[in-house]
Structure formats: C-alpha cells, structure tokens
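Source file upload_0.csv; content: CSV, C-alpha atoms and all ligand atoms.
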```
chain,number,residue,atom,x,y,z
A,26,MET,CA,7.2,53.1,-2.8
A,27,GLU,CA,5.7,50.1,-1.1
A,28,PRO,CA,3.5,47.9,-3.2
A,29,ILE,CA,0.1,47.0,-1.7
A,30,ILE,CA,-1.7,45.5,-4.6
A,31,ARG,CA,0.0,44.0,-7.7
A,32,THR,CA,-1.6,42.0,-10.4
A,33,TYR,CA,0.3,40.0,-12.9
A,34,ASN,CA,-1.3,39.3,-16.3
A,35,LEU,CA,-4.5,38.8,-14.4
A,36,SER,CA,-7.3,37.4,-16.7
A,37,LYS,CA,-10.8,36.2,-16.2
A,38,GLN,CA,-12.9,34.5,-18.8
A,39,TYR,CA,-16.6,33.8,-18.7
A,40,GLY,CA,-17.5,31.3,-21.3
A,41,THR,CA,-15.9,32.8,-24.5
A,42,HIS,CA,-15.9,36.3,-23.0
A,43,LEU,CA,-12.7,37.7,-21.6
A,44,ALA,CA,-14.0,40.0,-18.9
A,45,VAL,CA,-10.4,40.9,-17.7
A,46,LYS,CA,-7.4,40.7,-20.0
A,47,ASN,CA,-3.8,40.5,-18.8
A,48,LEU,CA,-4.2,43.2,-16.2
A,49,ASN,CA,-1.0,44.5,-14.5
A,50,LEU,CA,-2.1,46.8,-11.8
A,51,ASN,CA,0.2,48.6,-9.3
A,52,VAL,CA,-1.3,50.1,-6.2
A,53,ASN,CA,1.2,51.6,-3.7
A,54,ARG,CA,0.8,52.4,0.0
A,55,GLY,CA,-0.9,55.8,0.5
A,56,ASP,CA,-2.5,55.9,-3.0
A,57,ILE,CA,-6.1,56.8,-3.5
A,58,TYR,CA,-6.3,54.7,-6.6
A,59,GLY,CA,-9.2,55.5,-9.0
A,60,PHE,CA,-10.1,52.5,-11.1
A,61,LEU,CA,-12.0,54.1,-13.9
A,62,GLY,CA,-14.0,52.4,-16.6
A,63,ARG,CA,-17.3,52.4,-18.4
A,64,ASN,CA,-20.1,50.0,-17.6
A,65,GLY,CA,-19.1,46.4,-18.3
A,66,ALA,CA,-15.4,47.4,-18.5
A,67,GLY,CA,-14.4,44.8,-15.9
A,68,LYS,CA,-14.1,46.8,-12.7
A,69,SER,CA,-16.1,44.6,-10.5
A,70,THR,CA,-14.6,41.4,-11.9
A,71,THR,CA,-11.1,42.8,-11.2
A,72,ILE,CA,-12.1,43.8,-7.6
A,73,ARG,CA,-13.5,40.3,-7.0
A,74,LEU,CA,-10.3,38.8,-8.3
A,75,ILE,CA,-8.2,41.0,-6.0
A,76,LEU,CA,-10.3,39.9,-3.1
A,77,SER,CA,-10.1,36.3,-4.1
A,78,LEU,CA,-13.9,36.1,-4.3
A,79,ILE,CA,-13.5,34.5,-7.7
A,80,LYS,CA,-10.6,32.6,-9.2
A,81,PRO,CA,-8.6,34.0,-12.1
A,82,THR,CA,-8.5,32.1,-15.4
A,83,SER,CA,-4.8,33.0,-15.5
A,84,GLY,CA,-2.4,35.4,-13.9
A,85,TYR,CA,-2.2,36.1,-10.2
A,86,VAL,CA,-2.5,38.8,-7.4
A,87,GLU,CA,-0.1,39.8,-4.8
A,88,LEU,CA,-1.2,41.7,-1.7
A,89,PHE,CA,1.4,43.4,0.5
A,90,ASN,CA,4.1,41.8,-1.6
A,91,GLU,CA,2.8,38.3,-0.9
A,92,LYS,CA,0.5,35.6,-2.2
A,93,PRO,CA,-2.9,36.5,-0.7
A,94,GLY,CA,-3.9,34.6,2.4
A,95,ILE,CA,-5.5,35.0,5.8
A,96,GLN,CA,-2.7,37.4,6.9
A,97,SER,CA,-3.3,39.8,4.0
A,98,PHE,CA,-7.1,39.6,4.0
A,99,ALA,CA,-7.1,40.6,7.7
A,100,ARG,CA,-5.4,43.9,6.6
A,101,ILE,CA,-8.1,44.7,4.0
A,102,GLY,CA,-11.5,46.3,4.4
A,103,SER,CA,-13.9,46.0,1.4
A,104,LEU,CA,-17.3,47.1,0.2
A,105,VAL,CA,-18.3,45.4,-2.9
A,106,GLU,CA,-22.0,44.9,-3.0
A,107,THR,CA,-24.7,47.3,-1.8
A,108,PRO,CA,-24.3,46.8,1.9
A,109,GLY,CA,-27.0,44.9,3.7
A,110,ALA,CA,-27.9,45.5,7.4
A,111,TYR,CA,-30.2,44.0,10.0
A,112,PRO,CA,-33.2,46.3,9.3
A,113,ASN,CA,-34.7,46.2,12.9
A,114,LEU,CA,-31.4,46.9,14.6
A,115,SER,CA,-29.8,50.3,15.0
A,116,ILE,CA,-26.6,51.5,13.3
A,117,LYS,CA,-24.7,50.9,16.5
A,118,GLU,CA,-26.1,47.4,17.0
A,119,ASN,CA,-25.4,46.4,13.5
A,120,LEU,CA,-21.8,47.5,14.0
A,121,GLU,CA,-21.7,45.7,17.4
A,122,ILE,CA,-22.7,42.4,15.7
A,123,GLN,CA,-19.8,42.9,13.2
A,124,ARG,CA,-17.4,43.5,16.1
A,125,GLN,CA,-18.4,40.3,17.8
A,126,LEU,CA,-18.2,38.3,14.5
A,127,LEU,CA,-14.7,39.6,13.9
A,128,GLY,CA,-13.7,38.8,17.5
A,129,ILE,CA,-12.6,42.4,18.2
A,130,ASN,CA,-12.3,42.6,22.0
A,131,SER,CA,-12.6,46.3,22.6
A,132,PRO,CA,-16.2,47.7,22.4
A,133,ILE,CA,-14.5,51.1,21.9
A,134,ALA,CA,-13.8,50.0,18.3
A,135,VAL,CA,-17.5,50.5,17.6
A,136,THR,CA,-17.8,54.1,18.9
A,137,GLU,CA,-14.5,55.0,17.4
A,138,THR,CA,-15.6,53.8,14.0
A,139,LEU,CA,-19.0,55.4,14.2
A,140,ASP,CA,-17.1,58.7,14.9
A,141,LEU,CA,-14.8,58.1,12.0
A,142,VAL,CA,-17.7,57.9,9.5
A,143,ASN,CA,-19.7,60.6,11.1
A,144,LEU,CA,-22.5,58.3,12.3
A,145,THR,CA,-22.3,59.0,16.0
A,146,LYS,CA,-25.4,61.2,16.1
A,147,ASP,CA,-27.4,58.7,14.1
A,148,GLU,CA,-26.2,55.6,16.0
A,149,ASP,CA,-29.6,54.8,17.4
A,150,LYS,CA,-31.5,55.0,14.1
A,151,LYS,CA,-32.9,51.7,12.8
A,152,ALA,CA,-31.2,50.4,9.6
A,153,SER,CA,-34.6,50.2,7.8
A,154,THR,CA,-35.0,53.9,8.1
A,155,LEU,CA,-31.7,54.9,6.6
A,156,SER,CA,-31.0,56.7,3.3
A,157,THR,CA,-28.8,55.0,0.7
A,158,GLY,CA,-26.0,57.4,1.6
A,159,THR,CA,-26.2,56.6,5.3
A,160,LEU,CA,-26.4,52.8,4.6
A,161,GLN,CA,-23.3,53.2,2.5
A,162,ARG,CA,-21.5,54.9,5.5
A,163,LEU,CA,-22.6,52.0,7.7
A,164,GLY,CA,-21.1,49.7,5.1
A,165,LEU,CA,-17.9,51.7,5.3
A,166,ALA,CA,-18.0,51.5,9.0
A,167,ARG,CA,-18.1,47.7,8.9
A,168,ALA,CA,-15.2,47.7,6.5
A,169,LEU,CA,-13.2,49.9,8.8
A,170,LEU,CA,-14.0,48.3,12.1
A,171,HIS,CA,-10.8,46.1,12.2
A,172,LYS,CA,-8.6,49.1,11.2
A,173,PRO,CA,-7.5,47.8,7.8
A,174,GLU,CA,-4.5,49.3,6.0
A,175,ILE,CA,-6.4,49.3,2.7
A,176,LEU,CA,-10.0,49.8,1.7
A,177,ILE,CA,-11.2,48.2,-1.6
A,178,LEU,CA,-14.4,49.8,-2.8
A,179,ASP,CA,-16.5,49.0,-5.8
A,180,GLU,CA,-18.3,52.2,-7.0
A,181,PRO,CA,-18.8,53.5,-3.4
A,182,THR,CA,-20.9,56.4,-4.6
A,183,ASN,CA,-23.2,54.5,-6.9
A,184,GLY,CA,-26.8,55.5,-6.4
A,185,LEU,CA,-26.1,58.4,-4.1
A,186,ASP,CA,-27.4,61.9,-4.5
A,187,PRO,CA,-24.8,64.8,-4.9
A,188,ALA,CA,-24.8,65.5,-1.1
A,189,GLY,CA,-24.2,61.8,-0.4
A,190,ILE,CA,-21.4,61.6,-3.0
A,191,LYS,CA,-19.7,64.6,-1.5
A,192,GLU,CA,-19.9,63.1,2.0
A,193,ILE,CA,-18.3,59.9,0.9
A,194,ARG,CA,-15.6,61.8,-1.0
A,195,LEU,CA,-14.7,63.9,2.0
A,196,LEU,CA,-14.8,60.8,4.2
A,197,LEU,CA,-12.4,58.9,1.9
A,198,LYS,CA,-10.1,61.9,1.7
A,199,ARG,CA,-10.0,62.1,5.5
A,200,LEU,CA,-9.3,58.3,5.8
A,201,SER,CA,-6.4,58.7,3.4
A,202,GLU,CA,-5.0,61.9,5.0
A,203,ASP,CA,-5.5,61.3,8.7
A,204,ARG,CA,-5.4,57.5,8.9
A,205,LYS,CA,-3.1,56.9,6.0
A,206,ILE,CA,-5.4,54.2,4.6
A,207,THR,CA,-4.6,53.2,1.1
A,208,ILE,CA,-7.8,53.3,-1.0
A,209,PHE,CA,-8.6,51.4,-4.2
A,210,MET,CA,-12.0,52.4,-5.6
A,211,SER,CA,-13.7,51.9,-8.9
A,212,SER,CA,-16.0,54.4,-10.7
A,213,HIS,CA,-17.4,55.1,-14.1
A,214,ILE,CA,-17.5,58.8,-13.4
A,215,LEU,CA,-14.4,60.7,-14.3
A,216,ALA,CA,-15.3,63.8,-12.3
A,217,GLU,CA,-15.5,61.7,-9.2
A,218,ILE,CA,-12.1,60.1,-9.7
A,219,GLN,CA,-10.6,63.5,-10.7
A,220,GLN,CA,-11.6,65.0,-7.3
A,221,LEU,CA,-10.2,62.3,-5.2
A,222,ALA,CA,-7.6,60.0,-6.8
A,223,THR,CA,-3.8,60.4,-6.6
A,224,ARG,CA,-3.4,57.6,-9.1
A,225,ILE,CA,-5.7,56.5,-11.9
A,226,GLY,CA,-6.0,53.2,-13.8
A,227,ILE,CA,-8.2,53.2,-16.8
A,228,ILE,CA,-9.8,49.9,-17.8
A,229,HIS,CA,-11.7,49.4,-21.1
A,230,ARG,CA,-13.1,46.1,-22.3
A,231,GLY,CA,-11.1,44.3,-19.8
A,232,GLU,CA,-7.8,45.9,-20.6
A,233,LEU,CA,-5.8,48.4,-18.6
A,234,LEU,CA,-5.2,51.3,-21.1
A,235,GLU,CA,-3.3,53.5,-18.8
A,236,GLU,CA,-2.0,53.7,-15.2
A,237,ILE,CA,-0.7,57.1,-14.2
A,238,ASP,CA,-0.3,59.4,-11.2
A,239,TYR,CA,-3.0,62.1,-11.2
A,240,GLU,CA,-0.5,64.9,-11.0
A,241,GLU,CA,1.3,63.6,-14.1
A,242,LEU,CA,-2.0,63.2,-15.9
A,243,LYS,CA,-3.0,66.7,-15.0
A,244,ARG,CA,0.4,68.0,-16.3
A,245,LYS,CA,0.0,66.0,-19.5
A,246,ASN,CA,-3.5,67.3,-20.0
A,247,ARG,CA,-3.0,70.9,-19.0
A,248,THR,CA,-4.0,73.6,-21.5
A,249,TYR,CA,-0.8,75.1,-23.0
A,250,LEU,CA,0.5,77.2,-25.8
A,251,GLU,CA,3.1,75.4,-27.9
A,252,PHE,CA,5.8,77.3,-29.8
A,253,LYS,CA,8.1,75.7,-32.3
A,254,VAL,CA,11.2,77.8,-32.3
A,255,SER,CA,14.7,77.9,-33.8
A,256,ASN,CA,16.6,78.2,-30.5
A,257,PRO,CA,14.9,76.6,-27.4
A,258,VAL,CA,17.6,77.5,-25.0
A,259,ARG,CA,17.6,81.1,-25.8
A,260,THR,CA,13.8,81.1,-25.9
A,261,THR,CA,13.6,79.9,-22.3
A,262,TRP,CA,16.0,82.7,-21.3
A,263,ILE,CA,13.7,85.3,-23.1
A,264,LEU,CA,10.6,83.8,-21.5
A,265,GLU,CA,12.1,84.0,-18.0
A,266,GLU,CA,14.0,87.3,-18.2
A,267,LYS,CA,11.9,89.4,-20.6
A,268,LEU,CA,8.4,88.0,-20.0
A,269,GLN,CA,8.7,86.6,-16.5
A,270,ILE,CA,7.2,83.3,-17.6
A,271,LYS,CA,8.4,80.5,-15.4
A,272,ASP,CA,5.7,77.8,-16.1
A,273,TYR,CA,6.9,76.1,-19.2
A,274,SER,CA,8.4,72.9,-20.4
A,275,VAL,CA,10.8,72.1,-23.2
A,276,HIS,CA,10.0,69.2,-25.6
A,277,GLU,CA,11.4,67.4,-28.6
A,278,GLU,CA,11.7,69.0,-32.0
A,279,ASN,CA,12.4,72.5,-30.5
A,280,THR,CA,9.0,72.9,-29.0
A,281,ILE,CA,8.2,74.8,-25.8
A,282,ARG,CA,5.0,74.6,-23.9
A,283,ILE,CA,3.8,77.5,-21.9
A,284,TYR,CA,1.1,76.9,-19.3
A,285,SER,CA,0.4,80.5,-18.3
A,286,HIS,CA,-0.3,83.7,-20.3
A,287,LEU,CA,-2.5,81.7,-22.7
A,288,GLU,CA,-4.2,84.7,-24.1
A,289,ASN,CA,-0.9,86.4,-25.0
A,290,SER,CA,0.4,84.3,-27.8
A,291,SER,CA,0.8,87.2,-30.2
A,292,THR,CA,2.8,89.3,-27.6
A,293,ILE,CA,5.0,86.3,-26.9
A,294,ASN,CA,5.5,85.7,-30.6
A,295,ARG,CA,6.3,89.3,-31.3
A,296,ILE,CA,8.9,89.5,-28.5
A,297,LEU,CA,10.5,86.2,-29.6
A,298,VAL,CA,10.8,87.5,-33.2
A,299,THR,CA,12.3,90.8,-32.1
A,300,GLU,CA,14.9,88.7,-30.2
A,301,ASN,CA,15.8,86.9,-33.4
A,302,ILE,CA,14.0,83.7,-32.6
A,303,ASP,CA,12.2,82.1,-35.6
A,304,VAL,CA,8.8,80.9,-34.6
A,305,SER,CA,7.6,78.3,-37.1
A,306,SER,CA,4.3,77.4,-35.4
A,307,ILE,CA,2.1,78.3,-32.4
A,308,PHE,CA,-0.9,76.4,-31.2
A,309,LEU,CA,-3.2,76.3,-28.2
A,310,ASN,CA,-3.8,72.8,-26.9
A,311,GLU,CA,-7.0,72.6,-24.9
A,312,ASP,CA,-7.2,68.9,-24.3
A,313,ASN,CA,-8.7,68.2,-20.9
A,314,LEU,CA,-9.0,65.0,-18.9
A,315,GLU,CA,-12.5,64.2,-20.2
A,316,ASP,CA,-11.2,64.4,-23.8
A,317,HIS,CA,-8.3,62.2,-22.7
A,318,PHE,CA,-10.6,59.6,-21.2
A,319,LEU,CA,-13.0,59.6,-24.1
A,320,LYS,CA,-10.1,59.4,-26.6
A,321,LEU,CA,-8.6,56.4,-24.7
A,322,THR,CA,-11.9,54.6,-24.5
A,323,SER,CA,-13.4,55.5,-27.8
A,324,GLU,CA,-14.7,52.6,-29.8
A,325,VAL,CA,-12.7,53.7,-32.9
A,326,LYS,CA,-9.4,53.1,-31.3
A,327,ASN,CA,-10.3,50.0,-29.4
A,328,HIS,CA,-12.0,47.3,-31.2
A,329,ALA,CA,-13.0,44.2,-29.3
A,401,LIG,N1,-20.5,36.0,-13.5
A,401,LIG,C1,-20.5,36.4,-14.8
A,401,LIG,N2,-20.8,35.5,-15.8
A,401,LIG,C2,-20.7,35.9,-17.0
A,401,LIG,N3,-20.3,37.1,-17.4
A,401,LIG,C3,-19.9,38.0,-16.5
A,401,LIG,C4,-20.0,37.7,-15.1
A,401,LIG,N4,-19.6,38.8,-14.4
A,401,LIG,C5,-19.3,39.7,-15.3
A,401,LIG,N5,-19.5,39.3,-16.5
A,401,LIG,C6,-19.2,40.1,-17.8
A,401,LIG,O1,-17.9,40.6,-17.7
A,401,LIG,C7,-17.8,41.9,-18.2
A,401,LIG,C8,-17.3,42.8,-17.1
A,401,LIG,O2,-18.2,42.9,-16.0
A,401,LIG,P1,-17.9,43.7,-14.7
A,401,LIG,O3,-19.1,43.5,-13.9
A,401,LIG,O4,-16.6,43.4,-14.2
A,401,LIG,O5,-17.9,45.2,-15.3
A,401,LIG,P2,-17.9,46.6,-14.5
A,401,LIG,O6,-16.8,47.4,-15.0
A,401,LIG,O7,-18.0,46.3,-13.0
A,401,LIG,O8,-19.3,47.2,-15.0
A,401,LIG,P3,-20.4,48.2,-14.2
A,401,LIG,O9,-19.9,49.6,-14.4
A,401,LIG,O10,-21.6,47.9,-15.0
A,401,LIG,O11,-20.5,47.7,-12.8
A,401,LIG,C9,-19.2,42.3,-18.6
A,401,LIG,O12,-19.3,42.1,-20.0
A,401,LIG,C10,-20.1,41.3,-17.9
A,401,LIG,O13,-21.3,41.0,-18.6
A,402,MG,MG,-19.3,46.8,-11.6
```

Show me this structure written as structure tokens.
Amino acid sequence: MEPIIRTYNLSKQYGTHLAVKNLNLNVNRGDIYGFLGRNGAGKSTTIRLILSLIKPTSGYVELFNEKPGIQSFARIGSLVETPGAYPNLSIKENLEIQRQLLGINSPIAVTETLDLVNLTKDEDKKASTLSTGTLQRLGLARALLHKPEILILDEPTNGLDPAGIKEIRLLLKRLSEDRKITIFMSSHILAEIQQLATRIGIIHRGELLEEIDYEELKRKNRTYLEFKVSNPVRTTWILEEKLQIKDYSVHEENTIRIYSHLENSSTINRILVTENIDVSSIFLNEDNLEDHFLKLTSEVKNHA
C-alpha cells in the first residue's frame, strides 16, 4: 500500500476552540476515501490543513510520503469552495483560461477533460446559465485539467439535487476505476459515502473516531445470527456438511456468526441440538451502518 496522504497528530485551534484534534489520517493510493462527519466536525478545516491553505497549530501532513511542497501540490487537484467561473464565458473558455494559467501546452487537455466530466455537449454554454450540478462538474474539470493523481474534494455534492448527486458519484467512480485517481472527499451524508467509498474515516468534534476499509466495516456491520455453542469446531462442520451454510465466522467465547439463513434460527438450533451441541444462546444482530455511525457520533459517548 502506497501512502498518499498521512497526517501526524494534526491539530488546529481557533481561539480556545480545538477544531481538529490529533488527527492521524491514512489515505493510500487507489482509495476513494470518505471523510464523514456531522456539521462542524472539522472536515473543511482538515482539508484546508492537508492542502496547506491554513497552518496547523501542531502536527504535520505528508503528501506522497514527503513534506508538502510545490512538487506534491502539482500532483493534486482540489475543489474546496463552491467553484466560481467567469459568468460571461462558456464552459470551454473557462477551462481554456485555466489551461493557460497552469501553463499546460496542449489545448487537447481541455477537450479531453471536458469529455472526462461529460461536459462536451454543453461546452458552449455560458457559465452564468449553468445549474449548480453543472457548475460543480466545471469545478471538477478545472481540478482535473493537469491530470492529478489525487482529487481532494470538500462535500462535492453539497447543494445538488438527487440527479446531480448521482452524476457526481458516477463520475468519481469512473475517475477512480478508469484513471486510477485517488479520491479524498468529505461528506456529512452516510448514504453517499456508503455508495462510493472504499475507505472511511469518521470525524467527530475534531477527532478521528474510526478509520476503516469499507469492506471491513460492512463485514463488521452485517446482520447475523449468533450462536453460543459448546463445540465450535464441530458446529462449523455441521453447518457446512448438514446445512450447507458456508457464510459464517467463528469468534471468541465459542460464538459463531452466521450471515445467511437468518430466518432459520430454530431449524439451525434444532439440528445442532440433535447433533449433541449445547446451544446456550442465539441472537439476531441487526446493526447497520447508520446505527454504527450514530452510535459512534452520539453525544452520550463523546462529550466535548
Ligand atoms: N476560521 C475559523 N475561525 C474560527 N473557528 C472556525 C474557523 N473555521 C472553522 N471554525 C470552527 O471549527 C469547527 C470545525 O469547522 P469545519 O468548517 O472544519 O467543520 P465541517 O466539518 O467542515 O462542517 P460543515 O459540515 O458545516 O462544513 C467549527 O466549530 C467551526 O465553527
Ligand atoms: Mg465544511
């Protein structure tokens, strides 16, 4: 795994308020990293710190395994504020200006990038006439023009309607899959992160509560039937051979979690008992990601 963004005890204080506390983030090449947190959690502050737009109070950032500098910033594309554009110029002209500002020689970069964000057919539309979603894609086009290796996006779907949100989601997925661009994006909407992220960091009141691969999180939060049994080894044999159940995991204290056949707890129990296994408890765990997120960020658990 190649580290792209690492933060080390990164902190930012405003007056007496610690907006970001000892953050240790790990973003690896190829990740679509969903940085999830409620309003005011510290997402934008963290992103500004990563981009060196503000100075940390303590701690530091590494980009591409190095201290951030011109070299690393040139490999990053970002979209932090709502993107502005010259209102009387077309989409293509706006991007053309960006190309010249960046000193990119090839004019093809503009047409290629327009194509990448699905704006070719709208390229002659004036920026002043664009919907928020289209403006957002123009912002992404600008961030992508110099072919960055990583995109850093602060709430890229904020203010968009469901169609616009879906469009951005598909676009980001495509950038990740086809162009292998690493994506770091913040959001306060779990569902959005859930549909896109390969890795999730949860920030709450400036603190990173959890950082986890999405697949692992899903596994951790899958609905399952849990049996506490006298003989786990024999039980797994019975599950596989007598019940054709393969999707299970064995845990501490003689417990086995079964992720399929959730409606058949009594049948499973009966068969285990006939096979001389003592079952001391059975329960259905229906925790989902939303519960997990709410539990992590509930005010009861995390006082200021
Ligand atoms: N320039 C600033 N001066 C003082 N306080 C600030 C400043 N910027 C942010 N804060 C405070 O730091 C905390 C974190 O703010 P931040 O904007 O990073 O949160 P966020 O997670 O991006 O929230 P949102 O979902 O609303 O965008 C908030 O309490 C905010 O009021
Ligand atoms: Mg913010």

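With only C-alpha atoms and all ligand atoms as the basis for measurement, A:Ile228 is the residue among A:Ile228, A:Leu176, A:Ile57, A:Leu215 that approaches ligand LIG 401 (chain A) most closely.
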
So how far away is atom CA of A:Arg244 from atom CA of A:Lys267, in Å?
24.7 Å

Please determine the residues with any atom at most 12 Å from (7.3, 78.2, -14.0) (coordinates as given in the file, with all atoms listed in the file counting) and report them as a list of chain:residue names.
A:Thr261, A:Leu264, A:Glu265, A:Leu268, A:Gln269, A:Ile270, A:Lys271, A:Asp272, A:Tyr273, A:Ser274, A:Val275, A:Arg282, A:Ile283, A:Tyr284, A:Ser285, A:His286

Could you list the protein, DNA and RNA residues that have any atom within 7 Å of ligand MG 402 (chain A), counting all atoms listed in the file, and write them as a ChimeraX atom specification?
/A:64-65,67-69,179

Produce a file of the selected residues containing C-alpha atoms, as a PDB file, in the coordinates of the input.
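Below is the file that was written, result_17.pdb:
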```pdb
ATOM      1  CA  ASN A  64     -20.100  50.000 -17.600  1.00  0.00           C
ATOM      2  CA  GLY A  65     -19.100  46.400 -18.300  1.00  0.00           C
ATOM      3  CA  GLY A  67     -14.400  44.800 -15.900  1.00  0.00           C
ATOM      4  CA  LYS A  68     -14.100  46.800 -12.700  1.00  0.00           C
ATOM      5  CA  SER A  69     -16.100  44.600 -10.500  1.00  0.00           C
ATOM      6  CA  ASP A 179     -16.500  49.000  -5.800  1.00  0.00           C
TER       7      ASP A 179
END
```

So that I can check the surroundings of stretch 95-111 of chain A, please list as a ChimeraX atom specification every protein, DNA and RNA residue that reaches within 10 Å of it, counting all atoms listed in the file and ignoring chain neighbours fewer than 5 positions away.
/A:29,69,72-73,76-77,87-90,116,118-120,122,127,151-153,157,160-181,183-184,206-211

Skip A:Val254 itself and residues of its chain fewer than 6 positions away, then list as a ChimeraX atom specification all residues within 9 Å of it, counting all atoms listed in the file.
/A:260,278-281,297,302-306

Can you work out the spacing between atom CA of A:Gly55 and atom CA of A:Ala222 in Å, to one decimal?
10.8 Å

Shell of 6 Å around A:His213, all atoms listed in the file, local chain residues under 4 positions omitted, as an MDAnalysis selection string
chainID A and resid 61:63

Name the closest residue to ligand LIG 401 (chain A) among the candidates A:Thr70, A:Ser291, A:Ser255, A:Asn53; distances are taken between atoms, counting only C-alpha atoms and all ligand atoms.
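Closest candidate: A:Thr70.
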
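For the pair atom O1 of ligand LIG 401 (chain A) and atom CA of A:Asn51, the interatomic distance is 21.5 Å.
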
Could you check the closest approach to ligand LIG 401 (chain A) for each of A:Glu232, A:Glu192, A:Asp203, A:Glu288 and tell me which residue wins, using only C-alpha atoms and all ligand atoms?
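For ligand LIG 401 (chain A), the nearest of the candidates is A:Glu232.
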
So which one's closest to A:Leu309, A:Tyr39, A:Trp262, A:Phe252, A:Tyr85? Using all atoms listed in the file, please.
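Counting all atoms listed in the file, the residue closest to A:Leu309 is A:Phe252.
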
Give the padded box for stretch 103-107 of chain A as lines of an AutoDock Vina configuration file: axis-aligned, covering all atoms listed in the file, 6 Å on each side, centre and edge lengths in Å to one decimal.
```
center_x = -19.3
center_y = 46.1
center_z = -0.8
size_x = 22.8
size_y = 14.4
size_z = 16.4
```

Restricting the calculation to all atoms listed in the file, which member of A:Thr136, A:Thr159, A:Ser212, A:Ser115 is positioned closest to ligand LIG 401 (chain A)?
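The shortest atom-to-atom distance to ligand LIG 401 (chain A) comes from A:Ser212.
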
Proximity to A:Thr248 - best of A:Glu266, A:Ile227, A:Ile218, A:Leu314, only C-alpha atoms
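Nearest candidate to A:Thr248 out of A:Glu266, A:Ile227, A:Ile218, A:Leu314: A:Leu314.
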